[in-house]
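S.K.: My structure file final17.cif, mmCIF, C-alpha atoms, pLDDT in the B column; chains and numbers go by the auth columns, is below:
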data_entry
#
loop_
_atom_site.group_PDB
_atom_site.id
_atom_site.type_symbol
_atom_site.label_atom_id
_atom_site.label_comp_id
_atom_site.label_asym_id
_atom_site.label_seq_id
_atom_site.Cartn_x
_atom_site.Cartn_y
_atom_site.Cartn_z
_atom_site.B_iso_or_equiv
_atom_site.auth_seq_id
_atom_site.auth_asym_id
ATOM 1 C CA MET A 1 0.000 0.000 0.000 47.00 1 A
ATOM 2 C CA ILE A 2 1.040 3.568 -0.423 45.00 2 A
ATOM 3 C CA GLY A 3 3.371 4.860 2.216 47.00 3 A
ATOM 4 C CA LEU A 4 5.007 1.521 2.985 49.00 4 A
ATOM 5 C CA THR A 5 8.576 2.105 4.060 46.00 5 A
ATOM 6 C CA PRO A 6 11.039 -0.415 2.611 47.00 6 A
ATOM 7 C CA LEU A 7 14.146 -1.442 4.493 43.00 7 A
ATOM 8 C CA VAL A 8 17.137 0.472 3.185 44.00 8 A
ATOM 9 C CA LEU A 9 19.459 -1.946 1.409 44.00 9 A
ATOM 10 C CA ALA A 10 22.221 -1.219 -1.068 41.00 10 A
ATOM 11 C CA ALA A 11 20.923 -4.129 -3.133 42.00 11 A
ATOM 12 C CA PRO A 12 18.417 -6.901 -2.456 58.00 12 A
ATOM 13 C CA PRO A 13 20.177 -9.818 -0.744 63.00 13 A
ATOM 14 C CA ALA A 14 20.232 -13.030 -2.713 67.00 14 A
ATOM 15 C CA ALA A 15 17.947 -14.642 -0.099 73.00 15 A
ATOM 16 C CA CYS A 16 15.151 -12.216 -1.035 82.00 16 A
ATOM 17 C CA GLU A 17 15.209 -13.386 -4.660 74.00 17 A
ATOM 18 C CA GLU A 18 15.025 -17.096 -3.850 71.00 18 A
ATOM 19 C CA SER A 19 11.831 -19.149 -3.837 73.00 19 A
ATOM 20 C CA HIS A 20 10.066 -19.205 -0.456 78.00 20 A
ATOM 21 C CA GLY A 21 7.021 -20.849 1.070 73.00 21 A
ATOM 22 C CA LEU A 22 5.542 -22.205 4.289 76.00 22 A
ATOM 23 C CA ARG A 23 8.682 -24.174 5.158 77.00 23 A
ATOM 24 C CA SER A 24 11.122 -21.454 4.101 82.00 24 A
ATOM 25 C CA PRO A 25 9.602 -18.037 4.917 89.00 25 A
ATOM 26 C CA LEU A 26 10.799 -14.848 3.283 90.00 26 A
ATOM 27 C CA PRO A 27 13.584 -13.580 5.614 91.00 27 A
ATOM 28 C CA ASP A 28 12.784 -10.689 7.952 89.00 28 A
ATOM 29 C CA ALA A 29 15.419 -8.557 6.235 90.00 29 A
ATOM 30 C CA CYS A 30 13.317 -8.695 3.045 91.00 30 A
ATOM 31 C CA LEU A 31 10.027 -7.594 4.640 93.00 31 A
ATOM 32 C CA GLU A 32 8.446 -4.185 4.213 94.00 32 A
ATOM 33 C CA VAL A 33 5.844 -2.581 6.471 96.00 33 A
ATOM 34 C CA ILE A 34 2.650 -4.624 6.938 96.00 34 A
ATOM 35 C CA ASP A 35 0.211 -4.298 4.025 96.00 35 A
ATOM 36 C CA THR A 36 -3.461 -5.025 4.776 97.00 36 A
ATOM 37 C CA ASP A 37 -6.887 -5.269 3.170 97.00 37 A
ATOM 38 C CA ARG A 38 -8.569 -3.630 6.165 96.00 38 A
ATOM 39 C CA PRO A 39 -9.903 -1.201 7.036 97.00 39 A
ATOM 40 C CA HIS A 40 -10.867 -0.529 3.410 96.00 40 A
ATOM 41 C CA GLN A 41 -13.906 -2.287 2.060 96.00 41 A
ATOM 42 C CA THR A 42 -11.969 -2.361 -1.226 98.00 42 A
ATOM 43 C CA ASP A 43 -9.219 -4.980 -0.992 98.00 43 A
ATOM 44 C CA THR A 44 -5.598 -4.674 -2.058 97.00 44 A
ATOM 45 C CA PRO A 45 -4.102 -6.752 -4.886 97.00 45 A
ATOM 46 C CA HIS A 46 -1.016 -7.357 -2.736 96.00 46 A
ATOM 47 C CA VAL A 47 -0.472 -10.701 -0.987 97.00 47 A
ATOM 48 C CA VAL A 48 1.018 -11.751 2.341 97.00 48 A
ATOM 49 C CA PRO A 49 4.772 -12.458 2.041 95.00 49 A
ATOM 50 C CA GLU A 50 5.474 -16.136 1.482 94.00 50 A
ATOM 51 C CA GLY A 51 5.815 -18.217 4.639 94.00 51 A
ATOM 52 C CA HIS A 52 4.249 -15.550 6.861 96.00 52 A
ATOM 53 C CA THR A 53 0.889 -15.335 8.636 96.00 53 A
ATOM 54 C CA GLN A 54 -1.208 -12.194 8.999 98.00 54 A
ATOM 55 C CA ILE A 55 -4.275 -11.600 11.188 98.00 55 A
ATOM 56 C CA GLU A 56 -6.454 -8.581 10.459 98.00 56 A
ATOM 57 C CA SER A 57 -9.225 -7.953 12.991 98.00 57 A
ATOM 58 C CA ALA A 58 -12.132 -5.566 13.350 97.00 58 A
ATOM 59 C CA LEU A 59 -11.838 -5.728 17.135 97.00 59 A
ATOM 60 C CA ALA A 60 -15.171 -3.978 17.617 97.00 60 A
ATOM 61 C CA ALA A 61 -17.778 -2.297 15.418 97.00 61 A
ATOM 62 C CA VAL A 62 -21.290 -0.965 15.989 97.00 62 A
ATOM 63 C CA GLU A 63 -24.052 -1.159 13.374 96.00 63 A
ATOM 64 C CA LEU A 64 -26.343 1.835 13.914 96.00 64 A
ATOM 65 C CA GLY A 65 -29.712 2.894 12.505 93.00 65 A
ATOM 66 C CA GLY A 66 -30.850 -0.402 11.015 91.00 66 A
ATOM 67 C CA ARG A 67 -30.671 -1.160 7.294 92.00 67 A
ATOM 68 C CA VAL A 68 -30.807 1.637 4.741 93.00 68 A
ATOM 69 C CA GLY A 69 -33.347 -0.108 2.513 84.00 69 A
ATOM 70 C CA ALA A 70 -35.491 -1.590 5.310 85.00 70 A
ATOM 71 C CA ALA A 71 -39.216 -0.907 5.487 84.00 71 A
ATOM 72 C CA PRO A 72 -40.540 1.698 7.966 84.00 72 A
ATOM 73 C CA GLY A 73 -41.006 0.223 11.431 80.00 73 A
ATOM 74 C CA SER A 74 -38.298 -2.418 10.947 84.00 74 A
ATOM 75 C CA ASP A 75 -35.616 -3.124 13.536 83.00 75 A
ATOM 76 C CA ARG A 76 -33.374 -0.083 14.089 87.00 76 A
ATOM 77 C CA SER A 77 -31.553 -1.308 17.193 89.00 77 A
ATOM 78 C CA ALA A 78 -27.767 -1.291 17.402 93.00 78 A
ATOM 79 C CA HIS A 79 -25.743 -4.448 16.749 94.00 79 A
ATOM 80 C CA LEU A 80 -22.327 -4.887 18.361 96.00 80 A
ATOM 81 C CA LEU A 81 -19.774 -6.817 16.301 96.00 81 A
ATOM 82 C CA PHE A 82 -16.620 -8.340 17.754 96.00 82 A
ATOM 83 C CA PHE A 83 -13.639 -9.955 16.076 96.00 83 A
ATOM 84 C CA GLU A 84 -14.580 -9.876 12.423 96.00 84 A
ATOM 85 C CA ASP A 85 -11.267 -11.390 11.440 97.00 85 A
ATOM 86 C CA ALA A 86 -9.226 -12.349 8.401 98.00 86 A
ATOM 87 C CA TYR A 87 -6.587 -15.068 8.805 98.00 87 A
ATOM 88 C CA LYS A 88 -4.078 -14.970 5.963 98.00 88 A
ATOM 89 C CA PHE A 89 -1.291 -17.361 5.024 97.00 89 A
ATOM 90 C CA GLY A 90 1.454 -16.680 2.484 96.00 90 A
ATOM 91 C CA VAL A 91 1.596 -20.162 0.984 94.00 91 A
ATOM 92 C CA ALA A 92 3.926 -19.380 -1.923 92.00 92 A
ATOM 93 C CA SER A 93 5.341 -16.528 -3.949 90.00 93 A
ATOM 94 C CA HIS A 94 2.432 -14.372 -5.224 93.00 94 A
ATOM 95 C CA VAL A 95 -0.173 -16.604 -3.521 96.00 95 A
ATOM 96 C CA ASP A 96 -1.981 -16.379 -0.201 96.00 96 A
ATOM 97 C CA LEU A 97 -4.887 -18.277 1.365 98.00 97 A
ATOM 98 C CA GLN A 98 -7.431 -16.384 3.470 98.00 98 A
ATOM 99 C CA LEU A 99 -10.169 -17.362 5.939 98.00 99 A
ATOM 100 C CA LEU A 100 -12.582 -14.575 6.915 97.00 100 A
ATOM 101 C CA MET A 101 -15.264 -14.720 9.610 96.00 101 A
ATOM 102 C CA LYS A 102 -17.342 -12.582 11.959 94.00 102 A
ATOM 103 C CA HIS A 103 -17.017 -14.353 15.325 94.00 103 A
ATOM 104 C CA ALA A 104 -19.571 -12.570 17.513 94.00 104 A
ATOM 105 C CA GLU A 105 -22.582 -10.254 17.140 94.00 105 A
ATOM 106 C CA TYR A 106 -24.619 -9.000 20.114 94.00 106 A
ATOM 107 C CA VAL A 107 -28.065 -7.373 19.892 91.00 107 A
ATOM 108 C CA PRO A 108 -28.483 -5.268 23.078 90.00 108 A
ATOM 109 C CA ALA A 109 -32.193 -4.568 22.518 87.00 109 A
ATOM 110 C CA GLU A 110 -32.895 -8.311 22.511 87.00 110 A
ATOM 111 C CA HIS A 111 -30.173 -9.346 24.986 89.00 111 A
ATOM 112 C CA ARG A 112 -28.976 -12.086 22.664 91.00 112 A
ATOM 113 C CA LEU A 113 -26.059 -13.185 20.542 92.00 113 A
ATOM 114 C CA ALA A 114 -26.727 -13.512 16.830 90.00 114 A
ATOM 115 C CA PRO A 115 -25.162 -16.471 14.983 88.00 115 A
ATOM 116 C CA PRO A 116 -21.567 -15.969 13.820 90.00 116 A
ATOM 117 C CA GLY A 117 -20.505 -16.118 10.213 87.00 117 A
ATOM 118 C CA PRO A 118 -20.568 -16.499 7.382 89.00 118 A
ATOM 119 C CA LEU A 119 -17.170 -18.131 6.933 95.00 119 A
ATOM 120 C CA SER A 120 -15.578 -17.130 3.665 96.00 120 A
ATOM 121 C CA VAL A 121 -12.567 -18.663 1.972 98.00 121 A
ATOM 122 C CA ARG A 122 -10.575 -17.092 -0.822 98.00 122 A
ATOM 123 C CA VAL A 123 -7.221 -17.324 -2.555 98.00 123 A
ATOM 124 C CA LYS A 124 -5.284 -14.363 -3.904 98.00 124 A
ATOM 125 C CA LEU A 125 -3.322 -15.189 -7.054 98.00 125 A
ATOM 126 C CA ASN A 126 -1.130 -12.227 -7.965 97.00 126 A
ATOM 127 C CA MET A 127 -0.766 -12.423 -11.755 97.00 127 A
ATOM 128 C CA VAL A 128 0.883 -9.068 -12.550 96.00 128 A
ATOM 129 C CA GLU A 129 3.246 -6.985 -10.436 93.00 129 A
ATOM 130 C CA GLU A 130 2.941 -3.226 -10.641 93.00 130 A
ATOM 131 C CA SER A 131 5.384 -1.551 -13.006 90.00 131 A
ATOM 132 C CA GLY A 132 4.972 2.073 -13.960 86.00 132 A
ATOM 133 C CA TRP A 133 1.407 2.536 -15.206 88.00 133 A
ATOM 134 C CA VAL A 134 0.864 -1.231 -15.339 94.00 134 A
ATOM 135 C CA PRO A 135 -1.185 -2.042 -12.210 96.00 135 A
ATOM 136 C CA ALA A 136 -0.747 -4.943 -9.846 97.00 136 A
ATOM 137 C CA VAL A 137 -3.444 -7.453 -10.845 98.00 137 A
ATOM 138 C CA THR A 138 -4.690 -10.305 -8.646 98.00 138 A
ATOM 139 C CA LEU A 139 -7.314 -12.974 -9.344 98.00 139 A
ATOM 140 C CA VAL A 140 -9.457 -13.947 -6.350 98.00 140 A
ATOM 141 C CA PRO A 141 -11.780 -16.983 -6.341 98.00 141 A
ATOM 142 C CA TRP A 142 -14.024 -16.460 -3.276 97.00 142 A
ATOM 143 C CA ILE A 143 -16.715 -18.535 -1.557 97.00 143 A
ATOM 144 C CA PHE A 144 -18.992 -17.660 1.397 95.00 144 A
ATOM 145 C CA LEU A 145 -20.019 -20.695 3.462 94.00 145 A
ATOM 146 C CA PRO A 146 -23.149 -20.344 5.640 90.00 146 A
ATOM 147 C CA VAL A 147 -22.834 -21.292 9.316 89.00 147 A
ATOM 148 C CA ALA A 148 -26.415 -20.274 10.235 86.00 148 A
ATOM 149 C CA PRO A 149 -29.807 -20.868 8.501 85.00 149 A
ATOM 150 C CA ALA A 150 -30.259 -17.180 7.593 83.00 150 A
ATOM 151 C CA GLU A 151 -26.958 -17.087 5.689 86.00 151 A
ATOM 152 C CA ALA A 152 -26.667 -18.002 2.027 87.00 152 A
ATOM 153 C CA LEU A 153 -24.049 -19.878 0.065 93.00 153 A
ATOM 154 C CA ARG A 154 -22.343 -17.425 -2.299 94.00 154 A
ATOM 155 C CA GLY A 155 -19.241 -17.393 -4.416 96.00 155 A
ATOM 156 C CA GLY A 156 -17.576 -16.154 -7.531 97.00 156 A
ATOM 157 C CA PRO A 157 -14.485 -14.756 -9.209 98.00 157 A
ATOM 158 C CA LEU A 158 -13.132 -11.274 -8.493 98.00 158 A
ATOM 159 C CA VAL A 159 -10.197 -9.225 -9.744 98.00 159 A
ATOM 160 C CA PHE A 160 -8.265 -6.789 -7.542 98.00 160 A
ATOM 161 C CA TRP A 161 -5.904 -4.212 -9.035 97.00 161 A
ATOM 162 C CA GLY A 162 -4.121 -1.062 -7.939 97.00 162 A
ATOM 163 C CA TRP A 163 -1.614 1.675 -8.742 95.00 163 A
ATOM 164 C CA GLU A 164 0.676 3.888 -6.712 93.00 164 A
ATOM 165 C CA LEU A 165 -0.270 7.200 -8.302 93.00 165 A
ATOM 166 C CA SER A 166 2.516 8.984 -6.430 93.00 166 A
ATOM 167 C CA ARG A 167 4.661 8.492 -3.339 90.00 167 A
ATOM 168 C CA ARG A 168 1.683 9.527 -1.190 94.00 168 A
ATOM 169 C CA LEU A 169 -1.378 8.403 -3.120 96.00 169 A
ATOM 170 C CA GLU A 170 -2.652 4.944 -4.071 97.00 170 A
ATOM 171 C CA LEU A 171 -5.730 3.840 -6.020 97.00 171 A
ATOM 172 C CA GLU A 172 -7.142 0.325 -5.614 98.00 172 A
ATOM 173 C CA MET A 173 -10.134 -1.226 -7.373 98.00 173 A
ATOM 174 C CA ASN A 174 -12.136 -4.469 -7.219 98.00 174 A
ATOM 175 C CA ALA A 175 -14.589 -5.986 -9.700 98.00 175 A
ATOM 176 C CA GLY A 176 -16.283 -9.332 -10.072 98.00 176 A
ATOM 177 C CA LEU A 177 -19.422 -11.441 -9.751 97.00 177 A
ATOM 178 C CA LEU A 178 -21.012 -13.231 -6.807 96.00 178 A
ATOM 179 C CA ALA A 179 -23.614 -15.930 -7.413 95.00 179 A
ATOM 180 C CA GLY A 180 -25.745 -16.819 -4.420 90.00 180 A
ATOM 181 C CA ALA A 181 -28.545 -18.976 -3.158 84.00 181 A
ATOM 182 C CA LYS A 182 -31.639 -17.376 -1.614 77.00 182 A
ATOM 183 C CA PRO A 183 -32.111 -15.020 0.219 72.00 183 A
ATOM 184 C CA SER A 184 -29.181 -13.395 -1.583 73.00 184 A
ATOM 185 C CA PRO A 185 -29.649 -12.223 -5.198 78.00 185 A
ATOM 186 C CA PRO A 186 -28.869 -15.029 -7.677 88.00 186 A
ATOM 187 C CA LEU A 187 -26.145 -12.890 -9.267 93.00 187 A
ATOM 188 C CA ALA A 188 -24.623 -9.628 -8.050 94.00 188 A
ATOM 189 C CA VAL A 189 -21.963 -7.435 -9.631 97.00 189 A
ATOM 190 C CA VAL A 190 -19.191 -6.321 -7.260 97.00 190 A
ATOM 191 C CA LEU A 191 -17.579 -2.923 -7.904 98.00 191 A
ATOM 192 C CA ALA A 192 -15.320 -1.070 -5.486 98.00 192 A
ATOM 193 C CA SER A 193 -12.665 1.626 -5.399 98.00 193 A
ATOM 194 C CA ALA A 194 -10.447 3.088 -2.664 98.00 194 A
ATOM 195 C CA LEU A 195 -8.149 6.088 -2.571 98.00 195 A
ATOM 196 C CA THR A 196 -5.492 6.080 0.173 98.00 196 A
ATOM 197 C CA ALA A 197 -3.265 9.026 1.068 98.00 197 A
ATOM 198 C CA THR A 198 -0.155 9.022 3.252 97.00 198 A
ATOM 199 C CA LEU A 199 -0.091 12.021 5.573 97.00 199 A
ATOM 200 C CA THR A 200 3.168 11.323 7.388 95.00 200 A
ATOM 201 C CA GLY A 201 5.396 8.294 7.900 94.00 201 A
ATOM 202 C CA ASP A 202 3.140 5.234 7.940 96.00 202 A
ATOM 203 C CA PHE A 203 -0.022 7.120 8.943 98.00 203 A
ATOM 204 C CA ARG A 204 -2.617 7.019 6.149 98.00 204 A
ATOM 205 C CA VAL A 205 -6.226 8.030 5.533 98.00 205 A
ATOM 206 C CA PHE A 206 -8.649 6.604 2.998 98.00 206 A
ATOM 207 C CA VAL A 207 -12.048 6.928 1.390 98.00 207 A
ATOM 208 C CA ASP A 208 -13.720 4.156 -0.580 98.00 208 A
ATOM 209 C CA VAL A 209 -17.027 2.919 -1.949 98.00 209 A
ATOM 210 C CA TYR A 210 -18.086 -0.729 -2.220 98.00 210 A
ATOM 211 C CA ALA A 211 -21.128 -2.081 -4.061 97.00 211 A
ATOM 212 C CA THR A 212 -22.483 -5.635 -4.171 95.00 212 A
ATOM 213 C CA GLY A 213 -25.487 -5.390 -6.443 93.00 213 A
ATOM 214 C CA TYR A 214 -27.730 -2.694 -4.947 93.00 214 A
ATOM 215 C CA ASP A 215 -25.998 -2.835 -1.537 95.00 215 A
ATOM 216 C CA VAL A 216 -23.669 0.175 -1.481 97.00 216 A
ATOM 217 C CA ALA A 217 -21.570 1.618 1.358 98.00 217 A
ATOM 218 C CA LEU A 218 -19.069 4.452 1.656 98.00 218 A
ATOM 219 C CA GLY A 219 -16.049 3.976 3.918 98.00 219 A
ATOM 220 C CA THR A 220 -13.592 6.421 5.456 98.00 220 A
ATOM 221 C CA GLY A 221 -10.979 6.209 8.167 98.00 221 A
ATOM 222 C CA ALA A 222 -7.315 6.123 9.132 98.00 222 A
ATOM 223 C CA LEU A 223 -4.650 3.440 9.583 98.00 223 A
ATOM 224 C CA TRP A 224 -1.259 3.620 11.296 98.00 224 A
ATOM 225 C CA ALA A 225 1.513 1.005 11.111 98.00 225 A
ATOM 226 C CA PHE A 226 3.206 1.784 14.419 97.00 226 A
ATOM 227 C CA THR A 227 5.733 -1.002 13.905 97.00 227 A
ATOM 228 C CA ARG A 228 6.792 -2.897 10.790 97.00 228 A
ATOM 229 C CA ASP A 229 4.443 -5.800 11.642 97.00 229 A
ATOM 230 C CA MET A 230 1.560 -4.141 13.548 98.00 230 A
ATOM 231 C CA GLN A 231 -1.163 -1.710 12.531 98.00 231 A
ATOM 232 C CA VAL A 232 -4.176 -0.033 14.175 98.00 232 A
ATOM 233 C CA ASP A 233 -7.125 1.538 12.363 98.00 233 A
ATOM 234 C CA LEU A 234 -10.424 3.288 12.966 98.00 234 A
ATOM 235 C CA GLY A 235 -13.187 4.844 10.910 98.00 235 A
ATOM 236 C CA SER A 236 -16.746 4.246 9.772 98.00 236 A
ATOM 237 C CA TYR A 237 -18.752 2.761 6.936 98.00 237 A
ATOM 238 C CA VAL A 238 -21.930 4.579 5.887 98.00 238 A
ATOM 239 C CA GLY A 239 -24.709 2.756 4.081 97.00 239 A
ATOM 240 C CA LEU A 240 -25.958 4.406 0.900 97.00 240 A
ATOM 241 C CA SER A 241 -28.524 1.856 -0.333 96.00 241 A
ATOM 242 C CA GLY A 242 -29.801 -1.692 -0.009 93.00 242 A
ATOM 243 C CA ASP A 243 -29.081 -4.057 2.859 91.00 243 A
ATOM 244 C CA LYS A 244 -26.380 -1.934 4.519 95.00 244 A
ATOM 245 C CA PRO A 245 -26.403 -0.444 8.035 96.00 245 A
ATOM 246 C CA VAL A 246 -26.903 3.313 8.220 96.00 246 A
ATOM 247 C CA ALA A 247 -23.495 3.662 9.911 98.00 247 A
ATOM 248 C CA THR A 248 -20.839 1.286 11.244 98.00 248 A
ATOM 249 C CA PRO A 249 -18.013 2.894 13.253 98.00 249 A
ATOM 250 C CA PHE A 250 -15.130 0.478 13.901 98.00 250 A
ATOM 251 C CA VAL A 251 -11.712 0.017 15.448 98.00 251 A
ATOM 252 C CA GLY A 252 -9.242 -2.626 14.272 98.00 252 A
ATOM 253 C CA PHE A 253 -5.813 -4.174 14.717 98.00 253 A
ATOM 254 C CA SER A 254 -3.570 -6.185 12.377 98.00 254 A
ATOM 255 C CA VAL A 255 -0.395 -8.172 13.043 98.00 255 A
ATOM 256 C CA ARG A 256 2.015 -10.178 10.881 97.00 256 A
ATOM 257 C CA ARG A 257 4.240 -13.038 11.973 93.00 257 A
#
Please rewrite the model in this file as structure tokens.

M.R.:
Amino acid sequence: MIGLTPLVLAAPPAACEESHGLRSPLPDACLEVIDTDRPHQTDTPHVVPEGHTQIESALAAVELGGRVGAAPGSDRSAHLLFFEDAYKFGVASHVDLQLLMKHAEYVPAEHRLAPPGPLSVRVKLNMVEESGWVPAVTLVPWIFLPVAPAEALRGGPLVFWGWELSRRLELEMNAGLLAGAKPSPPLAVVLASALTATLTGDFRVFVDVYATGYDVALGTGALWAFTRDMQVDLGSYVGLSGDKPVATPFVGFSVRR
């Protein structure tokens, strides 16, 4: 992502150019500052370094105001979300495997826990590395597995791409299709775009918009990599249409090993 600070080396050591994987991780001397999908709704085309593990967590979020497209008189109570996490594994050069899941949701007005999930599984296959005006391009097969009766099986192919427009500005985009069983639409187009700006050091701000069919949300916030392998973030998503909460403020934390 924009603003990542590479280690200063006269030339890349030979070890950085070798093939790496789960049994032979990319050496620490070759790592740059942690690069995450969150807190954007739009995901990055970049992958986790080979042999390393990354956990990205929405530690807490609050869904406020009910759903934008809900009928008058529908439930408008707040929902508290905890540990909506992504577990990422750099399995090989240009490839990572990701498991994503919301672990807990509490409805204060009803004094109950909602079912967790869904569990989604995806693989990032980085096909093109960024070079000049050629963007980084990554193919992403993605499937959502229901873990509760109200959740639907969904899946489809997506493409993530992005450019560093300057030393302080990065544009990332997503596009694809998701086919789903009821109650989800049988086929939904996914379109998303994020603009991230580095203000100072590894402190960045972003704005993005993400649409799955008619469900559209705007996101904005800030992220700070306070060490090479740890990052905190905060912000809010604002529903614009469809089955999106009116507002979802959040706070998150990411770590790489």

S.K.: So what does the PyMOL selection byres ((chain A and resi 233-250) around 6) actually pick up in this one, as a short mmCIF file (atom, residue, chain, number, x, y, z; two decimals) with C-alpha atoms, in the coordinates of the input?

M.R.:
data_model
loop_
_atom_site.label_atom_id
_atom_site.label_comp_id
_atom_site.auth_asym_id
_atom_site.auth_seq_id
_atom_site.Cartn_x
_atom_site.Cartn_y
_atom_site.Cartn_z
CA ALA A 60 -15.17 -3.98 17.62
CA ALA A 61 -17.78 -2.30 15.42
CA VAL A 62 -21.29 -0.96 15.99
CA GLU A 63 -24.05 -1.16 13.37
CA LEU A 64 -26.34 1.84 13.91
CA GLY A 65 -29.71 2.89 12.50
CA GLY A 66 -30.85 -0.40 11.02
CA ARG A 67 -30.67 -1.16 7.29
CA VAL A 68 -30.81 1.64 4.74
CA GLY A 69 -33.35 -0.11 2.51
CA TYR A 214 -27.73 -2.69 -4.95
CA ASP A 215 -26.00 -2.84 -1.54
CA VAL A 216 -23.67 0.18 -1.48
CA ALA A 217 -21.57 1.62 1.36
CA LEU A 218 -19.07 4.45 1.66
CA GLY A 219 -16.05 3.98 3.92
CA THR A 220 -13.59 6.42 5.46
CA GLY A 221 -10.98 6.21 8.17
CA ALA A 222 -7.32 6.12 9.13
CA LEU A 223 -4.65 3.44 9.58
CA VAL A 232 -4.18 -0.03 14.18
CA VAL A 251 -11.71 0.02 15.45
CA GLY A 252 -9.24 -2.63 14.27
#

S.K.: Using all atoms listed in the file, find each residue in stretch 26-102 of chain A having at least one atom no more than 12 Å away from stretch 140-152 of chain A; report its shortest atom-to-atom pair and that distance in Å (one decimal), rows by chain then rising number, as a tab-separated table.

M.R.:
residue	atom	partner	partner_atom	distance
A:Asp43	CA	A:Val140	CA	10.4
A:Thr44	CA	A:Val140	CA	10.9
A:Pro45	CA	A:Val140	CA	9.1
A:His46	CA	A:Val140	CA	11.3
A:Val47	CA	A:Val140	CA	11.0
A:His94	CA	A:Val140	CA	11.9
A:Val95	CA	A:Val140	CA	10.1
A:Asp96	CA	A:Val140	CA	10.0
A:Leu97	CA	A:Val140	CA	10.0
A:Gln98	CA	A:Trp142	CA	9.4
A:Leu99	CA	A:Phe144	CA	9.9
A:Leu100	CA	A:Phe144	CA	9.0
A:Met101	CA	A:Phe144	CA	9.5
A:Lys102	CA	A:Val147	CA	10.6

S.K.: Using all atoms listed in the file, which residue out of A:Val128, A:Ala104, A:Ala225, A:Leu195 lies closest to A:Asp85?

M.R.: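 Closest candidate: A:Ala104.
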
S.K.: On this file, the PyMOL selection byres ((chain A and resi 180) around 8) gives some set of residues; write that set as a count of residues only.

M.R.: 12

S.K.: Identify all residues satisfying the PyMOL selection byres ((chain A and resi 210-212) around 6) in the given file; provide them as a list in words.

M.R.: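 Against this file, the PyMOL selection byres ((chain A and resi 210-212) around 6) returns the residues Ala188, Val189, Val190, Leu191, Ala192, Val209, Gly213, Asp215, Val216 and Ala217 of chain A.
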
S.K.: Mind checking which residues fall within 10 Å of A:Ser19, counting all atoms listed in the file, ignoring those fewer than 5 positions away in the same chain, and posting them as a list in words?

M.R.: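 So, after excluding close chain neighbours, the residues are Ser24, Pro25, Leu26, Glu50, Ala92 and Ser93 of chain A.
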
S.K.: Write out, as a PDB file, in the frame of the given file, the residues just selected, with C-alpha atoms.

M.R.:
ATOM      1  CA  SER A  24      11.122 -21.454   4.101  1.00 82.00           C
ATOM      2  CA  PRO A  25       9.602 -18.037   4.917  1.00 89.00           C
ATOM      3  CA  LEU A  26      10.799 -14.848   3.283  1.00 90.00           C
ATOM      4  CA  GLU A  50       5.474 -16.136   1.482  1.00 94.00           C
ATOM      5  CA  ALA A  92       3.926 -19.380  -1.923  1.00 92.00           C
ATOM      6  CA  SER A  93       5.341 -16.528  -3.949  1.00 90.00           C
TER       7      SER A  93
END

S.K.: I'd like the interatomic distance between atom CA of A:Val123 and atom CA of A:Leu139, to a tenth of an Å.

M.R.: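 Those two atoms sit 8.1 Å apart.
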
S.K.: Quick check, in Å to one decimal: how far apart do atom CA of A:Leu158 and atom CA of A:Ser57 lie?

M.R.: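 Between atom CA of A:Leu158 and atom CA of A:Ser57 the gap works out to 22.1 Å.
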
S.K.: Have a look at atom CA of A:Val33 and atom CA of A:Ser120 and let me know their distance in Å, one decimal.

M.R.: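 For atom CA of A:Val33 relative to atom CA of A:Ser120, the distance reads 26.0 Å.
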
S.K.: Which residues come within 8 Å of A:Pro108, counting only C-alpha atoms, excluding same-chain residues fewer than 3 positions away, as a list in words?

M.R.: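 My reading of the contact set: Ser77, Ala78, His79, Leu80, His111 and Arg112 of chain A.
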
S.K.: Any idea what's packed within 8 Å of A:Thr53, counting all atoms listed in the file, ignoring anything in its chain fewer than 3 positions away? Could you give it as a list in words?

M.R.: Val48, Tyr87, Lys88, Phe89, Gly90, Arg256 and Arg257 of chain A
